[in-house]
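*Asks:* File follows, final-v9.cif with mmCIF, C-alpha atoms and all ligand atoms:
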data_query
#
loop_
_atom_site.label_atom_id
_atom_site.label_comp_id
_atom_site.auth_asym_id
_atom_site.auth_seq_id
_atom_site.Cartn_x
_atom_site.Cartn_y
_atom_site.Cartn_z
CA MET A 1 78.82 -105.14 -154.26
CA GLU A 2 80.03 -101.95 -152.60
CA THR A 3 77.58 -100.18 -150.34
CA GLN A 4 76.26 -97.15 -152.23
CA SER A 5 74.25 -95.54 -149.49
CA ILE A 6 73.79 -95.79 -145.76
CA THR A 7 70.96 -94.57 -143.54
CA ILE A 8 71.50 -94.29 -139.81
CA ARG A 9 69.67 -92.70 -136.91
CA ARG A 10 70.41 -89.01 -136.98
CA PRO A 11 73.75 -88.49 -135.20
CA ASP A 12 74.69 -86.12 -132.37
CA ASP A 13 77.95 -84.23 -131.85
CA TRP A 14 79.11 -84.66 -128.26
CA HIS A 15 81.79 -81.91 -128.45
CA VAL A 16 81.65 -78.79 -130.60
CA HIS A 17 82.73 -75.14 -130.45
CA LEU A 18 80.03 -72.90 -131.91
CA ARG A 19 81.61 -69.59 -130.79
CA ASP A 20 79.53 -66.42 -130.62
CA GLY A 21 78.60 -63.34 -132.67
CA GLU A 22 79.20 -63.48 -136.40
CA MET A 23 81.20 -66.71 -136.17
CA LEU A 24 78.26 -68.40 -134.43
CA GLN A 25 75.95 -67.21 -137.20
CA ALA A 26 78.32 -68.61 -139.81
CA VAL A 27 79.09 -72.01 -138.29
CA ALA A 28 76.05 -73.16 -136.29
CA PRO A 29 73.98 -74.04 -139.39
CA TYR A 30 76.63 -76.55 -140.50
CA THR A 31 76.31 -78.44 -137.24
CA ALA A 32 72.51 -78.18 -137.17
CA ARG A 33 72.28 -79.51 -140.71
CA GLN A 34 73.68 -82.90 -139.70
CA PHE A 35 73.35 -83.35 -135.97
CA ALA A 36 70.16 -83.45 -133.91
CA ARG A 37 71.98 -82.42 -130.72
CA ALA A 38 75.40 -81.13 -129.85
CA ILE A 39 77.27 -80.53 -126.63
CA VAL A 40 78.45 -76.96 -126.96
CA MET A 41 81.76 -76.02 -125.39
CA PRO A 42 81.71 -73.07 -122.96
CA ASN A 43 85.12 -71.53 -123.79
CA LEU A 44 83.82 -68.15 -124.89
CA THR A 45 85.46 -64.92 -123.69
CA PRO A 46 84.45 -64.64 -120.93
CA PRO A 47 83.69 -68.33 -120.42
CA VAL A 48 80.22 -69.66 -119.64
CA THR A 49 80.32 -70.16 -115.87
CA SER A 50 76.82 -69.18 -114.72
CA VAL A 51 73.36 -70.60 -115.33
CA ALA A 52 72.24 -67.22 -116.68
CA ALA A 53 75.12 -67.05 -119.18
CA ALA A 54 74.41 -70.59 -120.40
CA LEU A 55 70.72 -69.81 -120.89
CA ALA A 56 71.50 -66.65 -122.85
CA TYR A 57 74.09 -68.48 -124.98
CA ARG A 58 71.62 -71.28 -125.67
CA ASP A 59 69.11 -68.69 -126.91
CA ARG A 60 71.70 -67.15 -129.24
CA ILE A 61 72.50 -70.58 -130.69
CA VAL A 62 68.84 -71.43 -131.24
CA ALA A 63 68.38 -68.08 -132.98
CA ALA A 64 71.36 -68.81 -135.26
CA VAL A 65 69.96 -72.05 -136.72
CA GLU A 66 66.83 -72.75 -138.72
CA GLU A 67 63.96 -73.97 -136.63
CA ALA A 68 63.26 -76.68 -139.22
CA SER A 69 66.64 -78.25 -138.46
CA GLY A 70 65.20 -79.53 -135.18
CA PHE A 71 68.59 -78.88 -133.58
CA THR A 72 69.00 -78.86 -129.80
CA PRO A 73 72.13 -77.38 -128.22
CA LEU A 74 73.20 -79.04 -124.97
CA MET A 75 75.07 -76.60 -122.79
CA THR A 76 78.09 -76.99 -120.54
CA CYS A 77 79.57 -75.16 -117.59
CA TYR A 78 83.20 -74.03 -117.70
CA LEU A 79 85.02 -74.97 -114.49
CA THR A 80 87.30 -72.45 -112.82
CA ASP A 81 89.09 -72.29 -109.48
CA ALA A 82 86.05 -70.37 -108.21
CA SER A 83 83.31 -72.77 -109.40
CA ASP A 84 80.43 -73.06 -106.96
CA PRO A 85 78.93 -76.53 -106.44
CA ASP A 86 75.48 -75.04 -105.74
CA GLU A 87 75.37 -73.07 -108.99
CA ILE A 88 76.54 -76.10 -110.94
CA ALA A 89 73.96 -78.38 -109.34
CA ARG A 90 71.19 -75.81 -109.90
CA GLY A 91 71.97 -75.56 -113.64
CA PHE A 92 72.01 -79.36 -113.90
CA GLU A 93 68.74 -79.80 -112.01
CA GLU A 94 67.10 -77.07 -114.11
CA ARG A 95 68.39 -78.88 -117.23
CA VAL A 96 70.25 -75.81 -118.45
CA TRP A 97 73.54 -77.62 -118.70
CA ILE A 98 74.29 -81.28 -119.11
CA ALA A 99 77.94 -81.45 -118.03
CA CYS A 100 80.94 -79.48 -116.77
CA LYS A 101 84.05 -78.91 -118.84
CA LEU A 102 87.47 -79.05 -117.26
CA TYR A 103 90.25 -77.17 -119.02
CA PRO A 104 93.57 -77.22 -117.23
CA ALA A 105 94.49 -73.50 -117.17
CA ASN A 106 96.12 -72.45 -120.45
CA ALA A 107 95.93 -75.89 -122.04
CA THR A 108 94.22 -74.55 -125.15
CA THR A 109 92.17 -71.75 -126.79
CA ASN A 110 90.40 -69.51 -124.26
CA SER A 111 91.41 -71.61 -121.29
CA ALA A 112 93.15 -68.86 -119.32
CA PHE A 113 90.34 -69.05 -116.75
CA GLY A 114 90.72 -72.82 -116.44
CA VAL A 115 91.52 -74.77 -113.32
CA THR A 116 95.00 -74.16 -111.86
CA ASP A 117 94.75 -76.55 -108.94
CA LEU A 118 92.54 -79.62 -108.98
CA ARG A 119 92.45 -79.73 -105.19
CA LYS A 120 90.30 -76.61 -105.29
CA LEU A 121 87.79 -78.55 -107.35
CA GLN A 122 87.18 -81.35 -104.85
CA PRO A 123 83.81 -80.06 -103.58
CA VAL A 124 82.61 -79.53 -107.16
CA LEU A 125 83.63 -83.02 -108.25
CA GLU A 126 82.04 -84.54 -105.16
CA ARG A 127 78.78 -82.80 -105.93
CA MET A 128 78.88 -83.79 -109.60
CA GLN A 129 79.51 -87.39 -108.61
CA ARG A 130 76.54 -87.28 -106.23
CA ILE A 131 74.11 -85.84 -108.78
CA GLY A 132 75.36 -87.89 -111.75
CA MET A 133 76.63 -84.92 -113.75
CA PRO A 134 79.35 -85.83 -116.26
CA LEU A 135 82.79 -84.20 -116.26
CA LEU A 136 84.22 -83.53 -119.73
CA VAL A 137 87.98 -83.34 -119.67
CA HIS A 138 90.53 -81.67 -121.90
CA GLY A 139 93.18 -84.24 -121.05
CA GLU A 140 96.53 -82.54 -121.38
CA VAL A 141 99.01 -81.43 -118.76
CA THR A 142 100.23 -77.87 -119.22
CA ASP A 143 103.74 -78.21 -117.80
CA PRO A 144 106.00 -76.68 -120.47
CA ALA A 145 108.68 -79.18 -119.51
CA ILE A 146 106.52 -82.01 -120.86
CA ASP A 147 106.86 -82.61 -124.59
CA VAL A 148 103.69 -81.45 -126.37
CA PHE A 149 103.22 -84.90 -127.94
CA ASP A 150 103.32 -86.54 -124.49
CA ARG A 151 100.90 -84.26 -122.69
CA GLU A 152 97.84 -86.46 -123.09
CA ALA A 153 99.55 -89.65 -121.93
CA VAL A 154 101.09 -87.86 -118.95
CA PHE A 155 97.72 -86.33 -118.04
CA ILE A 156 96.14 -89.78 -117.95
CA GLN A 157 98.81 -91.03 -115.61
CA GLN A 158 99.15 -88.00 -113.36
CA VAL A 159 95.59 -86.67 -113.25
CA LEU A 160 92.95 -88.91 -114.76
CA GLU A 161 93.79 -92.23 -113.18
CA PRO A 162 93.90 -90.76 -109.66
CA MET A 163 90.70 -88.78 -110.31
CA ALA A 164 88.84 -91.86 -111.55
CA ARG A 165 89.94 -93.66 -108.37
CA ASP A 166 89.19 -90.81 -105.96
CA PHE A 167 85.73 -90.26 -107.45
CA PRO A 168 84.71 -93.82 -108.26
CA GLU A 169 81.18 -92.91 -109.33
CA LEU A 170 82.01 -89.74 -111.28
CA ARG A 171 81.06 -90.00 -114.96
CA ILE A 172 84.02 -88.82 -117.03
CA VAL A 173 84.47 -88.20 -120.76
CA LEU A 174 88.04 -87.91 -121.98
CA GLU A 175 87.54 -85.54 -124.89
CA HIS A 176 89.12 -85.76 -128.35
CA ILE A 177 91.47 -88.65 -127.65
CA THR A 178 94.63 -88.79 -129.75
CA THR A 179 96.81 -91.57 -128.35
CA GLU A 180 96.97 -95.30 -127.88
CA GLU A 181 97.31 -94.64 -124.16
CA ALA A 182 94.00 -92.77 -124.14
CA ALA A 183 92.18 -95.35 -126.25
CA HIS A 184 93.37 -98.15 -123.98
CA PHE A 185 92.75 -96.23 -120.77
CA VAL A 186 89.12 -95.71 -121.74
CA ARG A 187 88.69 -99.28 -122.95
CA ASP A 188 90.04 -100.75 -119.71
CA ALA A 189 88.75 -98.18 -117.20
CA ARG A 190 86.01 -98.69 -114.62
CA THR A 191 82.41 -98.14 -115.78
CA GLY A 192 81.26 -94.57 -116.31
CA ILE A 193 84.21 -93.51 -118.46
CA GLY A 194 83.93 -92.68 -122.16
CA ALA A 195 85.75 -90.77 -124.88
CA THR A 196 84.95 -88.62 -127.87
CA ILE A 197 86.87 -88.94 -131.13
CA THR A 198 87.27 -86.28 -133.84
CA PRO A 199 87.46 -86.85 -137.61
CA GLN A 200 90.94 -85.36 -137.84
CA HIS A 201 92.45 -87.73 -135.30
CA LEU A 202 91.13 -90.62 -137.38
CA LEU A 203 92.52 -89.21 -140.62
CA ILE A 204 95.77 -87.35 -140.02
CA ASN A 205 98.94 -87.96 -138.09
CA ARG A 206 101.52 -85.36 -137.10
CA ASN A 207 103.16 -85.41 -140.52
CA ALA A 208 100.15 -83.45 -141.79
CA LEU A 209 101.38 -80.44 -139.83
CA PHE A 210 104.57 -80.31 -141.90
CA ALA A 211 103.50 -81.60 -145.33
CA GLY A 212 105.66 -79.53 -147.70
CA GLY A 213 105.66 -76.63 -145.24
CA LEU A 214 103.96 -75.51 -142.07
CA ARG A 215 100.23 -76.31 -142.22
CA PRO A 216 98.31 -74.24 -139.69
CA HIS A 217 94.94 -75.71 -140.67
CA ALA A 218 96.08 -79.14 -139.51
CA TYR A 219 96.87 -77.77 -136.05
CA CYS A 220 94.52 -78.45 -133.19
CA LEU A 221 94.86 -79.46 -129.57
CA PRO A 222 95.52 -82.10 -128.56
CA VAL A 223 97.89 -82.06 -131.53
CA ALA A 224 97.83 -85.03 -133.93
CA LYS A 225 100.30 -87.73 -132.90
CA ARG A 226 102.34 -90.46 -134.62
CA GLU A 227 100.75 -92.91 -137.04
CA ARG A 228 100.75 -95.66 -134.39
CA HIS A 229 98.44 -93.53 -132.27
CA ARG A 230 96.14 -92.64 -135.15
CA LEU A 231 95.70 -96.33 -135.87
CA ALA A 232 94.89 -97.09 -132.23
CA VAL A 233 92.32 -94.29 -132.06
CA ARG A 234 90.85 -95.46 -135.35
CA ALA A 235 90.58 -99.05 -134.13
CA ALA A 236 88.79 -97.73 -131.04
CA ALA A 237 86.27 -95.66 -133.01
CA THR A 238 85.38 -98.44 -135.42
CA SER A 239 85.37 -101.19 -132.77
CA GLY A 240 81.73 -100.74 -131.80
CA ASN A 241 82.77 -100.44 -128.14
CA PRO A 242 80.07 -98.27 -126.52
CA ARG A 243 82.65 -96.20 -124.61
CA TYR A 244 83.72 -94.34 -127.76
CA PHE A 245 81.45 -91.82 -129.43
CA LEU A 246 81.39 -89.00 -131.94
CA GLY A 247 82.65 -85.56 -130.93
CA THR A 248 83.94 -83.42 -133.77
CA ASP A 249 85.74 -80.79 -131.68
CA SER A 250 84.98 -78.52 -134.63
CA ALA A 251 86.86 -75.37 -133.56
CA PRO A 252 86.64 -72.55 -136.12
CA HIS A 253 89.03 -69.62 -136.15
CA VAL A 254 89.09 -66.98 -138.88
CA ARG A 255 91.78 -67.55 -141.47
CA GLU A 256 93.97 -64.67 -140.20
CA ALA A 257 94.01 -66.18 -136.72
CA LYS A 258 95.21 -69.54 -138.06
CA GLU A 259 97.69 -68.24 -140.64
CA ALA A 260 99.74 -66.18 -138.21
CA SER A 261 103.09 -66.20 -136.44
CA CYS A 262 101.26 -67.74 -133.46
CA GLY A 263 98.32 -69.49 -135.09
CA CYS A 264 95.32 -70.62 -133.04
CA ALA A 265 94.68 -74.29 -132.36
CA GLY A 266 91.49 -75.70 -133.84
CA ILE A 267 90.24 -77.50 -136.93
CA PHE A 268 86.91 -76.48 -138.44
CA ASN A 269 85.41 -79.82 -139.46
CA ALA A 270 81.68 -79.18 -138.96
CA PRO A 271 80.64 -78.67 -142.62
CA TYR A 272 81.63 -82.19 -143.76
CA ALA A 273 81.89 -84.05 -140.48
CA MET A 274 79.67 -87.00 -141.34
CA GLU A 275 81.31 -87.32 -144.76
CA SER A 276 84.65 -87.47 -142.98
CA TYR A 277 83.60 -90.12 -140.47
CA ALA A 278 81.89 -92.19 -143.20
CA THR A 279 85.14 -92.17 -145.19
CA VAL A 280 86.97 -93.69 -142.22
CA PHE A 281 84.38 -96.34 -141.38
CA ASP A 282 84.06 -97.31 -145.06
CA ALA A 283 87.82 -97.66 -145.53
CA ASP A 284 87.97 -99.93 -142.48
CA GLY A 285 85.01 -102.08 -143.55
CA ALA A 286 83.05 -100.83 -140.54
CA LEU A 287 80.14 -98.91 -142.08
CA ASP A 288 77.83 -101.17 -140.10
CA ARG A 289 79.31 -99.67 -136.90
CA LEU A 290 79.01 -96.03 -137.88
CA GLU A 291 75.56 -95.74 -136.35
CA ALA A 292 76.72 -97.03 -132.96
CA PHE A 293 79.57 -94.53 -132.88
CA ALA A 294 77.63 -91.55 -134.25
CA SER A 295 74.09 -92.05 -132.97
CA VAL A 296 73.85 -94.64 -130.18
CA ASN A 297 76.85 -94.75 -127.86
CA GLY A 298 76.69 -91.04 -126.98
CA PRO A 299 73.03 -90.86 -125.97
CA ARG A 300 73.41 -94.10 -124.02
CA PHE A 301 76.34 -92.63 -122.09
CA TYR A 302 74.41 -89.45 -121.31
CA GLY A 303 71.17 -91.32 -120.56
CA LEU A 304 69.29 -89.53 -123.34
CA PRO A 305 66.82 -90.99 -125.83
CA LEU A 306 68.08 -92.03 -129.26
CA ASN A 307 67.04 -89.79 -132.13
CA GLU A 308 64.10 -91.09 -134.12
CA SER A 309 64.97 -89.15 -137.27
CA SER A 310 67.55 -90.38 -139.77
CA LEU A 311 70.48 -89.30 -141.90
CA THR A 312 71.49 -90.76 -145.26
CA LEU A 313 74.95 -90.67 -146.81
CA GLU A 314 75.64 -91.65 -150.42
CA ARG A 315 78.78 -92.75 -152.16
CA THR A 316 79.13 -89.66 -154.36
CA ASP A 317 82.07 -87.32 -154.83
CA VAL A 318 81.92 -84.07 -152.94
CA GLU A 319 84.44 -81.31 -153.44
CA ILE A 320 85.37 -79.48 -150.29
CA PRO A 321 85.64 -75.72 -150.76
CA VAL A 322 88.96 -74.04 -150.03
CA SER A 323 87.26 -71.62 -147.64
CA LEU A 324 83.85 -70.64 -146.32
CA ALA A 325 82.52 -67.22 -145.41
CA ALA A 326 82.45 -66.26 -141.74
CA GLY A 327 81.09 -62.76 -141.23
CA SER A 328 83.63 -60.27 -142.52
CA SER A 329 86.30 -62.97 -142.85
CA ALA A 330 86.61 -66.63 -143.86
CA VAL A 331 87.28 -70.01 -142.28
CA VAL A 332 89.16 -72.85 -143.90
CA PRO A 333 87.40 -76.20 -143.45
CA PHE A 334 89.05 -79.55 -142.76
CA HIS A 335 89.78 -81.29 -146.11
CA ALA A 336 89.83 -77.89 -147.92
CA GLY A 337 90.34 -78.43 -151.65
CA GLU A 338 90.07 -82.24 -151.41
CA THR A 339 87.42 -84.55 -152.83
CA LEU A 340 85.62 -86.89 -150.44
CA HIS A 341 83.62 -89.83 -151.71
CA TRP A 342 80.70 -89.75 -149.30
CA LYS A 343 78.03 -87.08 -149.38
CA LEU A 344 75.25 -86.13 -147.02
CA ALA A 345 72.14 -86.94 -149.05
CA ALA A 346 69.18 -86.50 -146.72
CA VAL A 347 68.16 -85.80 -143.14
CA GLY A 348 64.65 -86.83 -142.22
C1 LIG A 401 89.63 -75.55 -129.27
C2 LIG A 401 89.17 -74.12 -129.53
O1 LIG A 401 89.70 -73.51 -130.47
O2 LIG A 401 88.29 -73.64 -128.81
N1 LIG A 401 90.80 -75.82 -130.03
C3 LIG A 401 91.25 -77.02 -130.42
O3 LIG A 401 92.33 -77.10 -131.00
N2 LIG A 401 90.55 -78.12 -130.21
C4 LIG A 401 89.82 -75.74 -127.82
C5 LIG A 401 89.94 -77.18 -127.44
O4 LIG A 401 88.97 -77.92 -127.49
O5 LIG A 401 91.03 -77.57 -127.04
ZN ZN A 402 87.24 -78.70 -128.03
#
What does this structure look like when you write it as structure tokens?
*Replies:*
Amino acid sequence: METQSITIRRPDDWHVHLRDGEMLQAVAPYTARQFARAIVMPNLTPPVTSVAAALAYRDRIVAAVEEASGFTPLMTCYLTDASDPDEIARGFEERVWIACKLYPANATTNSAFGVTDLRKLQPVLERMQRIGMPLLVHGEVTDPAIDVFDREAVFIQQVLEPMARDFPELRIVLEHITTEEAAHFVRDARTGIGATITPQHLLINRNALFAGGLRPHAYCLPVAKRERHRLAVRAAATSGNPRYFLGTDSAPHVREAKEASCGCAGIFNAPYAMESYATVFDADGALDRLEAFASVNGPRFYGLPLNESSLTLERTDVEIPVSLAAGSSAVVPFHAGETLHWKLAAVG
């Protein structure tokens, strides 16, 4: 008989954008409702580069969620050309932040302050390697001459492989992988390398961007790739391999910012993230591996305890709203207007 319900350890989200101000107020509860912990991206304007800014941001996040959710935000430091190894190490030792985030300059939303020259980062990476602080990487080259669909694969070749060799002990997470090259790189790499995987890269390929017209709500970075790549990423997620773990990359933008002549990159998947992942694992006959992906592999990579609480999903239809309120505007969630067949039933 078909599985009707599944209970797993409460999951964590190892990559999420919670934003700030009224957007933070609107979106943080969706993450806190499902996930016990989340690694919060630092790409605010201005980005989170100091220990003091991370502490203040953490307080604003905690204030935006219900205490009863038991949610813990895990903060990150945004790397720039001017990053100071001492400040980074201090924040790590004081347990303010858990990792550093590397955005190649201008690779994506709010990355204008990102790193322009990796050579400038050598002392930072050396220090991170020494203290065991993970580096989270937005893995795309920014060279406009490189086709946008090839930027992840080229980044792996040109940047990531040499970096993994030059810093053989550095713990690295290749974030939101979208290609077969990325899935295989992580699978075959030296120890200490992992990857996060989003719901959208398990569910859509690049055709979704052009289905009957231009679909801004299917646009995120790295952009969805060909079907072959989706299948490789999906095989990775459902494989049970401990190197792959859940990271939604939920990246809300108000509707007007998405539906524009130059629409922002980012898919807001937080409200139904676990429903989305459960749909994938169920379809692939891998529900028994959902817990490893969502609740075990991540904490093991980061050396954190597993959550003792649980989350239950039931096979029940759930209709996804066409939009959700966000302060004075609205955000359109992933799967807007669709019906999913798994529903979050309980968190305990
Ligand atoms: C993210 C955002 O909007 O902050 N956008 C996205 O498409 N994923 C930035 C990022 O993670 O690249
Ligand atoms: Zn992101």
*Asks:* Kindly give the distance, in Å, that separates atom C4 of ligand LIG 401 (chain A) and CA of Tyr78 (chain A), rounded to a single decimal.
*Replies:*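 So the answer is 12.2 Å.
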*Asks:* Distance limit 9 Å, reference ligand LIG 401 (chain A), atoms considered: only C-alpha atoms and all ligand atoms. Which residues make the cut? Give them as a ChimeraX atom specification.
*Replies:* /A:15-19,41-44,103,107-111,138,175-176,219-223,249-253,264-268
*Asks:* Looking at only C-alpha atoms and all ligand atoms, which of A:Glu94, A:Glu161, A:Asp20, A:Asp13 is the one that sits closest to ligand ZN 402 (chain A)?
*Replies:*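 Once distances to ligand ZN 402 (chain A) are computed over only C-alpha atoms and all ligand atoms, the minimum belongs to A:Asp13.
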*Asks:* When distances are computed from all atoms listed in the file, which of A:Ile177, A:Ala82, A:Ala294, A:Ala32 shows the smallest separation from ligand ZN 402 (chain A)?
*Replies:*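 Distance minimum relative to ligand ZN 402 (chain A) lands on A:Ile177.
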*Asks:* Calculate how many Å separate CA of Thr179 (chain A) from CA of Pro134 (chain A), rounding to one decimal.
*Replies:*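 Distance between the two atoms: 22.0 Å.
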*Asks:* List every protein, DNA or RNA residue that has an atom no more than 12 Å from (80.9, -79.5, -153.9) in the file's coordinate frame, counting all atoms listed in the file, and report them as a PyMOL selection string.
*Replies:* chain A and resi 271-272+316-323+335-344
*Asks:* Let me make sure I understand: among A:Val27, A:Val137, A:Ile98, A:Ile6, which one has the smallest atom-to-atom distance to ligand ZN 402 (chain A) if we use all atoms listed in the file?
*Replies:*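 Ranked by minimum distance to ligand ZN 402 (chain A), first place goes to A:Val137.
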*Asks:* For ligand ZN 402 (chain A), which residue among A:Ala236, A:Ile197, A:Ala52, A:Ala326 is the nearest when counting all atoms listed in the file?
*Replies:*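 Among the listed residues, the smallest separation from ligand ZN 402 (chain A) belongs to A:Ile197.
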*Asks:* Work out how far apart CA of Ser328 (chain A) and CA of Tyr30 (chain A) are and give it in Å to one decimal.
*Replies:*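 These two atoms are separated by 17.8 Å.
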*Asks:* If you count all atoms listed in the file, which residues fall within 7 Å of region 72-75 of chain A, apart from same-chain ones fewer than 5 positions away, as a list in words?
*Replies:*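 Neighbouring residues, sequence-local ones excluded: Ala36, Arg37, Ala38, Ile39, Val40, Ala54, Arg58, Val96, Trp97 and Ile98 of chain A.
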*Asks:* From the list A:Ala283, A:Leu214, A:Ile193, A:Val148, which residue is nearest Phe301 (chain A) when using only C-alpha atoms?
*Replies:*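 Once distances to Phe301 (chain A) are computed over only C-alpha atoms, the minimum belongs to A:Ile193.
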*Asks:* Would you kindly return, as a JSON list (two decimals) with C-alpha atoms, in the frame of the given file, each protein, DNA or RNA residue with an atom no farther than 10 Å from any atom of Leu118 (chain A), considering only C-alpha atoms and excluding same-chain residues fewer than 3 positions away?
*Replies:*
[["chain", "number", "residue", "atom", "x", "y", "z"],
["A", 80, "THR", "CA", 87.30, -72.45, -112.82],
["A", 81, "ASP", "CA", 89.09, -72.29, -109.48],
["A", 102, "LEU", "CA", 87.47, -79.05, -117.26],
["A", 104, "PRO", "CA", 93.57, -77.22, -117.23],
["A", 115, "VAL", "CA", 91.52, -74.77, -113.32],
["A", 121, "LEU", "CA", 87.79, -78.55, -107.35],
["A", 122, "GLN", "CA", 87.18, -81.35, -104.85],
["A", 125, "LEU", "CA", 83.63, -83.02, -108.25],
["A", 159, "VAL", "CA", 95.59, -86.67, -113.25],
["A", 163, "MET", "CA", 90.70, -88.78, -110.31]]
